[in-house]
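Quick look at target.pdb (PDB, C-alpha atoms):
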```pdb
MODEL        1
ATOM      1  CA  MET Q   1     145.528 -25.099 -51.009
ATOM      2  CA  PHE Q   2     145.522 -28.733 -49.894
ATOM      3  CA  SER Q   3     144.849 -27.652 -46.316
ATOM      4  CA  ALA Q   4     141.690 -25.907 -47.552
ATOM      5  CA  ILE Q   5     140.263 -29.109 -49.076
ATOM      6  CA  ALA Q   6     141.549 -31.640 -46.538
ATOM      7  CA  ARG Q   7     138.284 -32.286 -44.676
ATOM      8  CA  SER Q   8     136.270 -33.005 -47.817
ATOM      9  CA  TYR Q   9     139.129 -34.660 -49.701
ATOM     10  CA  ASP Q  10     138.015 -38.280 -49.236
ATOM     11  CA  LEU Q  11     134.397 -37.541 -50.086
ATOM     12  CA  ASN Q  12     135.308 -35.684 -53.266
ATOM     13  CA  ASN Q  13     137.718 -38.437 -54.285
ATOM     14  CA  ARG Q  14     135.021 -41.088 -53.934
ATOM     15  CA  LEU Q  15     132.234 -39.167 -55.621
ATOM     16  CA  HIS Q  16     134.179 -37.722 -58.519
ATOM     17  CA  SER Q  17     136.044 -40.918 -59.369
ATOM     18  CA  MET Q  18     132.806 -42.890 -58.929
ATOM     19  CA  TRP Q  19     134.643 -44.972 -56.312
ATOM     20  CA  GLN Q  20     137.345 -45.956 -58.812
ATOM     21  CA  ASP Q  21     140.039 -44.311 -56.670
ATOM     22  CA  GLN Q  22     139.808 -47.158 -54.163
ATOM     23  CA  ARG Q  23     140.165 -49.728 -56.920
ATOM     24  CA  TRP Q  24     143.204 -47.907 -58.323
ATOM     25  CA  ARG Q  25     144.867 -47.981 -54.917
ATOM     26  CA  ARG Q  26     144.231 -51.703 -54.507
ATOM     27  CA  LEU Q  27     145.874 -52.290 -57.889
ATOM     28  CA  ALA Q  28     148.853 -50.169 -56.811
ATOM     29  CA  VAL Q  29     149.313 -52.259 -53.674
ATOM     30  CA  ARG Q  30     149.139 -55.440 -55.719
ATOM     31  CA  ALA Q  31     151.733 -54.073 -58.156
ATOM     32  CA  ALA Q  32     154.079 -53.271 -55.257
ATOM     33  CA  SER Q  33     154.537 -57.006 -54.556
ATOM     34  CA  VAL Q  34     155.059 -56.447 -50.829
ATOM     35  CA  THR Q  35     156.736 -59.364 -49.067
ATOM     36  CA  PRO Q  36     156.743 -60.169 -45.324
ATOM     37  CA  GLY Q  37     158.933 -57.749 -43.395
ATOM     38  CA  ASP Q  38     159.113 -55.068 -46.089
ATOM     39  CA  VAL Q  39     159.394 -51.376 -45.190
ATOM     40  CA  VAL Q  40     156.949 -49.245 -47.196
ATOM     41  CA  ALA Q  41     157.006 -45.462 -47.687
ATOM     42  CA  ASP Q  42     153.887 -43.809 -49.120
ATOM     43  CA  ILE Q  43     154.822 -40.323 -50.343
ATOM     44  CA  ALA Q  44     152.243 -37.526 -50.693
ATOM     45  CA  CYS Q  45     150.024 -39.801 -48.651
ATOM     46  CA  GLY Q  46     147.311 -37.196 -48.112
ATOM     47  CA  THR Q  47     144.609 -38.554 -45.821
ATOM     48  CA  GLY Q  48     146.214 -41.995 -45.769
ATOM     49  CA  ASP Q  49     144.029 -44.054 -48.107
ATOM     50  CA  LEU Q  50     146.922 -45.767 -49.897
ATOM     51  CA  THR Q  51     148.941 -45.992 -46.683
ATOM     52  CA  GLU Q  52     146.081 -47.889 -45.056
ATOM     53  CA  ALA Q  53     145.726 -50.122 -48.113
ATOM     54  CA  PHE Q  54     149.321 -51.261 -47.546
ATOM     55  CA  ALA Q  55     148.296 -52.316 -44.028
ATOM     56  CA  LYS Q  56     146.528 -55.289 -45.619
ATOM     57  CA  THR Q  57     149.929 -56.631 -46.695
ATOM     58  CA  GLU Q  58     152.606 -58.255 -44.512
ATOM     59  CA  ALA Q  59     154.828 -55.170 -44.450
ATOM     60  CA  SER Q  60     156.567 -54.634 -41.113
ATOM     61  CA  GLN Q  61     156.535 -50.826 -41.291
ATOM     62  CA  ILE Q  62     154.403 -48.420 -43.320
ATOM     63  CA  MET Q  63     155.275 -44.719 -43.357
ATOM     64  CA  GLY Q  64     152.931 -42.073 -44.729
ATOM     65  CA  LEU Q  65     154.717 -38.811 -45.612
ATOM     66  CA  ASP Q  66     153.056 -35.621 -46.814
ATOM     67  CA  PHE Q  67     153.785 -31.905 -47.170
ATOM     68  CA  THR Q  68     150.420 -30.790 -45.717
ATOM     69  CA  PRO Q  69     149.868 -31.075 -41.924
ATOM     70  CA  ALA Q  70     146.074 -30.788 -42.300
ATOM     71  CA  MET Q  71     146.031 -33.915 -44.457
ATOM     72  CA  LEU Q  72     148.214 -35.788 -41.981
ATOM     73  CA  GLU Q  73     145.911 -34.880 -39.088
ATOM     74  CA  ILE Q  74     143.026 -36.604 -40.853
ATOM     75  CA  ALA Q  75     145.198 -39.599 -41.762
ATOM     76  CA  GLU Q  76     146.236 -40.027 -38.122
ATOM     77  CA  HIS Q  77     142.620 -39.706 -36.931
ATOM     78  CA  LYS Q  78     141.621 -42.446 -39.370
ATOM     79  CA  ARG Q  79     144.475 -44.652 -38.169
ATOM     80  CA  GLN Q  80     143.283 -44.338 -34.580
ATOM     81  CA  THR Q  81     139.552 -44.726 -35.200
ATOM     82  CA  ARG Q  82     139.131 -47.103 -38.141
ATOM     83  CA  LYS Q  83     139.553 -50.866 -38.216
ATOM     84  CA  VAL Q  84     142.989 -50.968 -39.810
ATOM     85  CA  PRO Q  85     144.981 -54.232 -39.506
ATOM     86  CA  ASN Q  86     147.813 -53.753 -36.997
ATOM     87  CA  PRO Q  87     147.611 -49.930 -36.988
ATOM     88  CA  ASP Q  88     150.813 -49.667 -34.924
ATOM     89  CA  ARG Q  89     152.778 -50.486 -38.079
ATOM     90  CA  ILE Q  90     151.617 -47.175 -39.599
ATOM     91  CA  SER Q  91     153.244 -43.831 -38.845
ATOM     92  CA  TYR Q  92     152.748 -40.402 -40.381
ATOM     93  CA  ALA Q  93     155.186 -37.518 -40.729
ATOM     94  CA  GLU Q  94     155.439 -34.186 -42.517
ATOM     95  CA  ALA Q  95     157.984 -34.323 -45.341
ATOM     96  CA  ASP Q  96     158.951 -32.886 -48.711
ATOM     97  CA  ALA Q  97     159.107 -35.460 -51.521
ATOM     98  CA  GLN Q  98     162.242 -33.686 -52.800
ATOM     99  CA  ASP Q  99     164.090 -34.054 -49.479
ATOM    100  CA  LEU Q 100     162.880 -37.151 -47.667
ATOM    101  CA  PRO Q 101     163.856 -37.612 -43.993
ATOM    102  CA  LEU Q 102     164.817 -41.229 -44.684
ATOM    103  CA  GLU Q 103     168.180 -42.953 -44.807
ATOM    104  CA  SER Q 104     169.563 -44.154 -48.112
ATOM    105  CA  ASP Q 105     168.798 -47.781 -49.004
ATOM    106  CA  SER Q 106     166.247 -48.049 -46.186
ATOM    107  CA  VAL Q 107     162.944 -48.743 -47.971
ATOM    108  CA  ASP Q 108     161.731 -51.815 -49.872
ATOM    109  CA  CYS Q 109     158.708 -50.275 -51.551
ATOM    110  CA  LEU Q 110     157.840 -46.643 -52.248
ATOM    111  CA  SER Q 111     154.532 -45.342 -53.575
ATOM    112  CA  ILE Q 112     153.096 -41.995 -54.601
ATOM    113  CA  ALA Q 113     149.470 -41.643 -55.686
ATOM    114  CA  PHE Q 114     148.310 -38.540 -57.559
ATOM    115  CA  GLY Q 115     151.128 -36.512 -56.048
ATOM    116  CA  ILE Q 116     154.085 -36.536 -58.423
ATOM    117  CA  ARG Q 117     152.590 -33.846 -60.665
ATOM    118  CA  ASN Q 118     152.226 -31.524 -57.650
ATOM    119  CA  VAL Q 119     155.902 -31.720 -56.693
ATOM    120  CA  LYS Q 120     157.884 -28.623 -57.639
ATOM    121  CA  ASP Q 121     160.548 -30.672 -59.441
ATOM    122  CA  PRO Q 122     159.454 -34.274 -60.145
ATOM    123  CA  LEU Q 123     162.950 -35.218 -61.338
ATOM    124  CA  ILE Q 124     164.439 -34.333 -57.947
ATOM    125  CA  ALA Q 125     161.700 -36.323 -56.226
ATOM    126  CA  LEU Q 126     162.325 -39.377 -58.414
ATOM    127  CA  SER Q 127     166.034 -39.192 -57.565
ATOM    128  CA  GLU Q 128     165.110 -39.076 -53.877
ATOM    129  CA  PHE Q 129     162.907 -42.136 -54.327
ATOM    130  CA  SER Q 130     165.847 -43.957 -55.896
ATOM    131  CA  ARG Q 131     168.122 -42.880 -53.042
ATOM    132  CA  VAL Q 132     165.938 -44.193 -50.223
ATOM    133  CA  LEU Q 133     164.987 -47.441 -51.938
ATOM    134  CA  ARG Q 134     167.207 -50.456 -51.499
ATOM    135  CA  PRO Q 135     168.660 -52.020 -54.676
ATOM    136  CA  GLY Q 136     165.802 -54.056 -56.113
ATOM    137  CA  GLY Q 137     163.245 -51.926 -54.278
ATOM    138  CA  ARG Q 138     159.969 -51.209 -56.060
ATOM    139  CA  LEU Q 139     158.516 -47.847 -57.038
ATOM    140  CA  VAL Q 140     154.776 -47.551 -57.717
ATOM    141  CA  ILE Q 141     153.203 -44.370 -59.085
ATOM    142  CA  LEU Q 142     149.522 -43.642 -59.670
ATOM    143  CA  GLU Q 143     148.786 -40.553 -61.723
ATOM    144  CA  PHE Q 144     145.997 -39.200 -63.875
ATOM    145  CA  ASP Q 145     146.412 -39.303 -67.645
ATOM    146  CA  ARG Q 146     144.519 -38.172 -70.742
ATOM    147  CA  PRO Q 147     142.776 -41.151 -72.381
ATOM    148  CA  LYS Q 148     143.960 -42.026 -75.871
ATOM    149  CA  PHE Q 149     140.486 -42.939 -77.195
ATOM    150  CA  ALA Q 150     139.026 -39.690 -78.551
ATOM    151  CA  LEU Q 151     135.461 -40.036 -77.226
ATOM    152  CA  VAL Q 152     136.632 -41.006 -73.730
ATOM    153  CA  ARG Q 153     139.189 -38.170 -73.789
ATOM    154  CA  TRP Q 154     136.493 -35.656 -74.781
ATOM    155  CA  PHE Q 155     134.175 -36.786 -71.993
ATOM    156  CA  ASN Q 156     136.985 -36.834 -69.425
ATOM    157  CA  ASP Q 157     138.144 -33.341 -70.422
ATOM    158  CA  PHE Q 158     134.591 -32.004 -70.174
ATOM    159  CA  TYR Q 159     133.901 -33.737 -66.861
ATOM    160  CA  CYS Q 160     137.190 -32.699 -65.240
ATOM    161  CA  GLY Q 161     137.242 -29.246 -66.770
ATOM    162  CA  GLN Q 162     133.615 -28.182 -66.330
ATOM    163  CA  ILE Q 163     131.619 -30.412 -63.973
ATOM    164  CA  MET Q 164     134.049 -31.631 -61.308
ATOM    165  CA  PRO Q 165     135.538 -28.215 -60.430
ATOM    166  CA  ARG Q 166     132.078 -26.826 -59.720
ATOM    167  CA  THR Q 167     130.650 -29.727 -57.728
ATOM    168  CA  ALA Q 168     133.875 -30.406 -55.784
ATOM    169  CA  THR Q 169     134.217 -26.718 -54.905
ATOM    170  CA  LEU Q 170     130.598 -26.659 -53.737
ATOM    171  CA  ILE Q 171     131.069 -29.741 -51.535
ATOM    172  CA  SER Q 172     134.347 -28.523 -50.035
ATOM    173  CA  ARG Q 173     133.294 -24.852 -49.827
ATOM    174  CA  ASP Q 174     136.775 -24.176 -51.114
ATOM    175  CA  LYS Q 175     137.938 -20.635 -51.863
ATOM    176  CA  SER Q 176     141.543 -21.509 -52.724
ATOM    177  CA  GLY Q 177     140.848 -22.579 -56.308
ATOM    178  CA  ALA Q 178     142.152 -26.104 -55.686
ATOM    179  CA  TYR Q 179     139.607 -27.829 -57.893
ATOM    180  CA  ARG Q 180     140.334 -25.490 -60.767
ATOM    181  CA  TYR Q 181     144.068 -26.062 -60.395
ATOM    182  CA  LEU Q 182     143.982 -29.860 -60.081
ATOM    183  CA  PRO Q 183     142.446 -30.761 -63.488
ATOM    184  CA  LYS Q 184     144.622 -28.176 -65.232
ATOM    185  CA  SER Q 185     147.715 -29.710 -63.638
ATOM    186  CA  VAL Q 186     146.982 -33.032 -65.371
ATOM    187  CA  GLY Q 187     147.121 -31.439 -68.828
ATOM    188  CA  LYS Q 188     150.336 -29.581 -68.016
ATOM    189  CA  PHE Q 189     152.156 -32.594 -66.564
ATOM    190  CA  MET Q 190     154.567 -34.742 -68.552
ATOM    191  CA  SER Q 191     153.235 -37.518 -70.790
ATOM    192  CA  SER Q 192     153.416 -41.162 -69.773
ATOM    193  CA  ALA Q 193     156.413 -41.688 -72.049
ATOM    194  CA  GLU Q 194     158.170 -38.681 -70.515
ATOM    195  CA  LEU Q 195     157.505 -39.890 -66.973
ATOM    196  CA  GLU Q 196     158.791 -43.357 -67.805
ATOM    197  CA  GLY Q 197     161.933 -41.759 -69.232
ATOM    198  CA  ALA Q 198     162.374 -39.670 -66.090
ATOM    199  CA  MET Q 199     162.075 -42.801 -63.961
ATOM    200  CA  ARG Q 200     164.833 -44.494 -65.945
ATOM    201  CA  ARG Q 201     167.107 -41.456 -65.656
ATOM    202  CA  ALA Q 202     166.547 -41.433 -61.889
ATOM    203  CA  GLY Q 203     167.887 -44.968 -61.544
ATOM    204  CA  PHE Q 204     164.992 -47.331 -62.241
ATOM    205  CA  ASP Q 205     164.747 -50.194 -64.687
ATOM    206  CA  GLN Q 206     161.954 -52.623 -65.582
ATOM    207  CA  VAL Q 207     159.879 -49.445 -65.988
ATOM    208  CA  ARG Q 208     156.338 -50.161 -67.155
ATOM    209  CA  SER Q 209     152.943 -48.482 -67.119
ATOM    210  CA  ARG Q 210     149.369 -49.387 -67.940
ATOM    211  CA  GLY Q 211     146.174 -47.436 -68.265
ATOM    212  CA  LEU Q 212     143.323 -47.930 -65.819
ATOM    213  CA  SER Q 213     139.638 -47.098 -66.334
ATOM    214  CA  MET Q 214     140.009 -46.500 -70.079
ATOM    215  CA  GLY Q 215     143.182 -44.480 -69.578
ATOM    216  CA  ILE Q 216     141.859 -41.935 -67.070
ATOM    217  CA  CYS Q 217     144.479 -43.113 -64.584
ATOM    218  CA  ARG Q 218     147.883 -44.705 -65.173
ATOM    219  CA  LEU Q 219     149.848 -47.123 -62.979
ATOM    220  CA  TYR Q 220     153.647 -46.943 -63.275
ATOM    221  CA  THR Q 221     156.121 -49.416 -61.811
ATOM    222  CA  GLY Q 222     159.898 -49.541 -61.681
ATOM    223  CA  VAL Q 223     162.706 -51.336 -59.867
ATOM    224  CA  ARG Q 224     165.670 -49.516 -58.407
ATOM    225  CA  THR Q 225     168.867 -50.592 -60.129
ATOM    226  CA  SER Q 226     171.673 -52.227 -58.179
ATOM    227  CA  GLU Q 227     174.177 -49.551 -59.196
TER     228      GLU Q 227
ENDMDL
END
```
Would you encode the structure as structure tokens?
Amino acid sequence: MFSAIARSYDLNNRLHSMWQDQRWRRLAVRAASVTPGDVVADIACGTGDLTEAFAKTEASQIMGLDFTPAMLEIAEHKRQTRKVPNPDRISYAEADAQDLPLESDSVDCLSIAFGIRNVKDPLIALSEFSRVLRPGGRLVILEFDRPKFALVRWFNDFYCGQIMPRTATLISRDKSGAYRYLPKSVGKFMSSAELEGAMRRAGFDQVRSRGLSMGICRLYTGVRTSE
């Protein structure tokens, strides 16, 4: 499904978020508090937008990991052709968020943007994130949410349920049903309180979240415990 929409993925993200997706990623990078020499792992990196955003920090190594080779091909092409600061720091690899090919206690900052709800078992993935992060390492999650304000929630539900699936499918010429699945997956995913609880159970403290763009998106942060 994600292979089918890979080539139009960036365009649809920009248009249908009204360019807010780039702002959300910048806020995620800021929340990660990257320090010089940090190792960063961006899980479910897709076409590499958030991975590249981390290249503007002083991280020494930035790894983009994704389950879909077609997405990674585009991410690598962007790394080689776009003006990314010190692109040699970035590497891409195919990987399952539930079984990361990374050593324990090897990463300082781990991010996942709009991917945790697509993992088969998010609780296993969160445990993996805790495993590969060093004690004190930071976890940053971006995920869609349902706004709490009724009028905004109504508009968002209508836009994501009726308008976006049609226009995104038209642009991508998709036949897999991806843009019908994606908005439905938001409504079926755990609430913000449930995700925060899952993060704590997986070994994170200082767990916090805040709504972005009137609650359409939510930014979660946590710190891996020293235990």
(request) Expand the PyMOL selection byres ((chain Q and resi 9) around 12) into the individual residues it matches in the shown file, reporting them as an NGL selection string. (result) :Q and (1-8 or 10-17 or 21 or 46-49 or 70-72 or 74-75 or 168-169 or 171-174 or 178-179)
(request) Using only C-alpha atoms, give me every residue within 10 Å of (161.0, -53.8, -65.1) in file coordinates, as a PyMOL selection string. (result) chain Q and resi 138+204-209+221-225
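Closest to Tyr220 (chain Q) among Q:Ala125, Q:Leu27, Q:Lys83, Q:Pro135 is Q:Leu27, based on only C-alpha atoms.
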Could you work out an axis-aligned box for region 204-213 of chain Q, taking every atom the file lists and adding 6 Å on each side, and report centre and edge lengths in Å to one decimal, as AutoDock Vina command-line options?
```
--center_x 152.3 --center_y -49.9 --center_z -65.3 --size_x 37.4 --size_y 17.5 --size_z 18.0
```
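As for CA of Gln22 (chain Q) and CA of Ala55 (chain Q), they are spaced 14.2 Å apart.
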When you look at Phe189 (chain Q) with a cut-off of 10 Å (counting only C-alpha atoms), what residues show up, excluding the ones that are within fewer than 6 positions of it in the same chain? I need them as a JSON list (two decimals) with C-alpha atoms, keeping the file's coordinate frame.
```
[["chain", "number", "residue", "atom", "x", "y", "z"],
["Q", 116, "ILE", "CA", 154.08, -36.54, -58.42],
["Q", 117, "ARG", "CA", 152.59, -33.85, -60.66],
["Q", 118, "ASN", "CA", 152.23, -31.52, -57.65],
["Q", 122, "PRO", "CA", 159.45, -34.27, -60.14],
["Q", 143, "GLU", "CA", 148.79, -40.55, -61.72],
["Q", 144, "PHE", "CA", 146.00, -39.20, -63.88],
["Q", 145, "ASP", "CA", 146.41, -39.30, -67.64],
["Q", 195, "LEU", "CA", 157.50, -39.89, -66.97]]
```
(message) Which residues, named as in the file, does the PyMOL selection byres ((chain Q and resi 165) around 10) pick out? Answer as a VMD selection string.
(response) chain Q and resid 16 159 to 164 166 to 170 177 to 183
(request) Mind giving me the straight-line distance from CA of Ser106 (chain Q) to CA of Lys78 (chain Q) in Å, one decimal? (result) 26.2 Å
(request) Would you list the residues near (152.0, -43.3, -41.7), meaning any protein, DNA or RNA residue with an atom at most 9 Å from that point in file coordinates, counting all atoms listed in the file, as a ChimeraX atom specification? (result) /Q:41-42,45,48,51-52,61-65,72,75-76,79,89-93
Export C-alpha atoms of region 12-54 of chain Q from the structure just given, as a PDB file, in the first residue's frame?
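Dumped to result13.pdb:
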```pdb
ATOM      1  CA  ASN Q  12      -0.038  14.854  -0.971  1.00  0.00           C
ATOM      2  CA  ASN Q  13       1.443  15.540   2.458  1.00  0.00           C
ATOM      3  CA  ARG Q  14       2.099  19.176   1.575  1.00  0.00           C
ATOM      4  CA  LEU Q  15      -1.205  19.860  -0.134  1.00  0.00           C
ATOM      5  CA  HIS Q  16      -3.502  18.084   2.283  1.00  0.00           C
ATOM      6  CA  SER Q  17      -1.859  19.419   5.434  1.00  0.00           C
ATOM      7  CA  MET Q  18      -1.676  22.881   3.840  1.00  0.00           C
ATOM      8  CA  TRP Q  19       2.092  22.751   4.422  1.00  0.00           C
ATOM      9  CA  GLN Q  20       1.620  22.217   8.165  1.00  0.00           C
ATOM     10  CA  ASP Q  21       3.422  18.859   7.994  1.00  0.00           C
ATOM     11  CA  GLN Q  22       6.749  20.647   7.578  1.00  0.00           C
ATOM     12  CA  ARG Q  23       6.041  22.845  10.577  1.00  0.00           C
ATOM     13  CA  TRP Q  24       5.113  19.805  12.678  1.00  0.00           C
ATOM     14  CA  ARG Q  25       8.407  18.148  11.802  1.00  0.00           C
ATOM     15  CA  ARG Q  26      10.400  21.241  12.741  1.00  0.00           C
ATOM     16  CA  LEU Q  27       8.655  21.259  16.122  1.00  0.00           C
ATOM     17  CA  ALA Q  28       9.487  17.566  16.573  1.00  0.00           C
ATOM     18  CA  VAL Q  29      13.167  18.229  15.918  1.00  0.00           C
ATOM     19  CA  ARG Q  30      13.135  21.088  18.400  1.00  0.00           C
ATOM     20  CA  ALA Q  31      11.471  18.866  21.012  1.00  0.00           C
ATOM     21  CA  ALA Q  32      14.169  16.215  20.521  1.00  0.00           C
ATOM     22  CA  SER Q  33      16.790  18.560  22.032  1.00  0.00           C
ATOM     23  CA  VAL Q  34      19.600  17.106  19.918  1.00  0.00           C
ATOM     24  CA  THR Q  35      23.071  17.860  21.266  1.00  0.00           C
ATOM     25  CA  PRO Q  36      26.405  17.746  19.387  1.00  0.00           C
ATOM     26  CA  GLY Q  37      27.464  14.177  18.667  1.00  0.00           C
ATOM     27  CA  ASP Q  38      24.056  12.580  19.233  1.00  0.00           C
ATOM     28  CA  VAL Q  39      22.972   9.490  17.287  1.00  0.00           C
ATOM     29  CA  VAL Q  40      19.436   9.858  15.907  1.00  0.00           C
ATOM     30  CA  ALA Q  41      17.140   7.106  14.599  1.00  0.00           C
ATOM     31  CA  ASP Q  42      14.051   8.156  12.630  1.00  0.00           C
ATOM     32  CA  ILE Q  43      11.654   5.198  12.480  1.00  0.00           C
ATOM     33  CA  ALA Q  44       9.021   4.847   9.734  1.00  0.00           C
ATOM     34  CA  CYS Q  45      10.976   7.576   8.003  1.00  0.00           C
ATOM     35  CA  GLY Q  46       9.086   7.285   4.720  1.00  0.00           C
ATOM     36  CA  THR Q  47      10.592   9.597   2.116  1.00  0.00           C
ATOM     37  CA  GLY Q  48      12.971  11.110   4.661  1.00  0.00           C
ATOM     38  CA  ASP Q  49      11.410  14.484   5.472  1.00  0.00           C
ATOM     39  CA  LEU Q  50      11.934  14.234   9.237  1.00  0.00           C
ATOM     40  CA  THR Q  51      15.284  12.496   8.781  1.00  0.00           C
ATOM     41  CA  GLU Q  52      16.491  15.436   6.702  1.00  0.00           C
ATOM     42  CA  ALA Q  53      15.120  17.898   9.252  1.00  0.00           C
ATOM     43  CA  PHE Q  54      17.441  16.325  11.836  1.00  0.00           C
TER      44      PHE Q  54
END
```
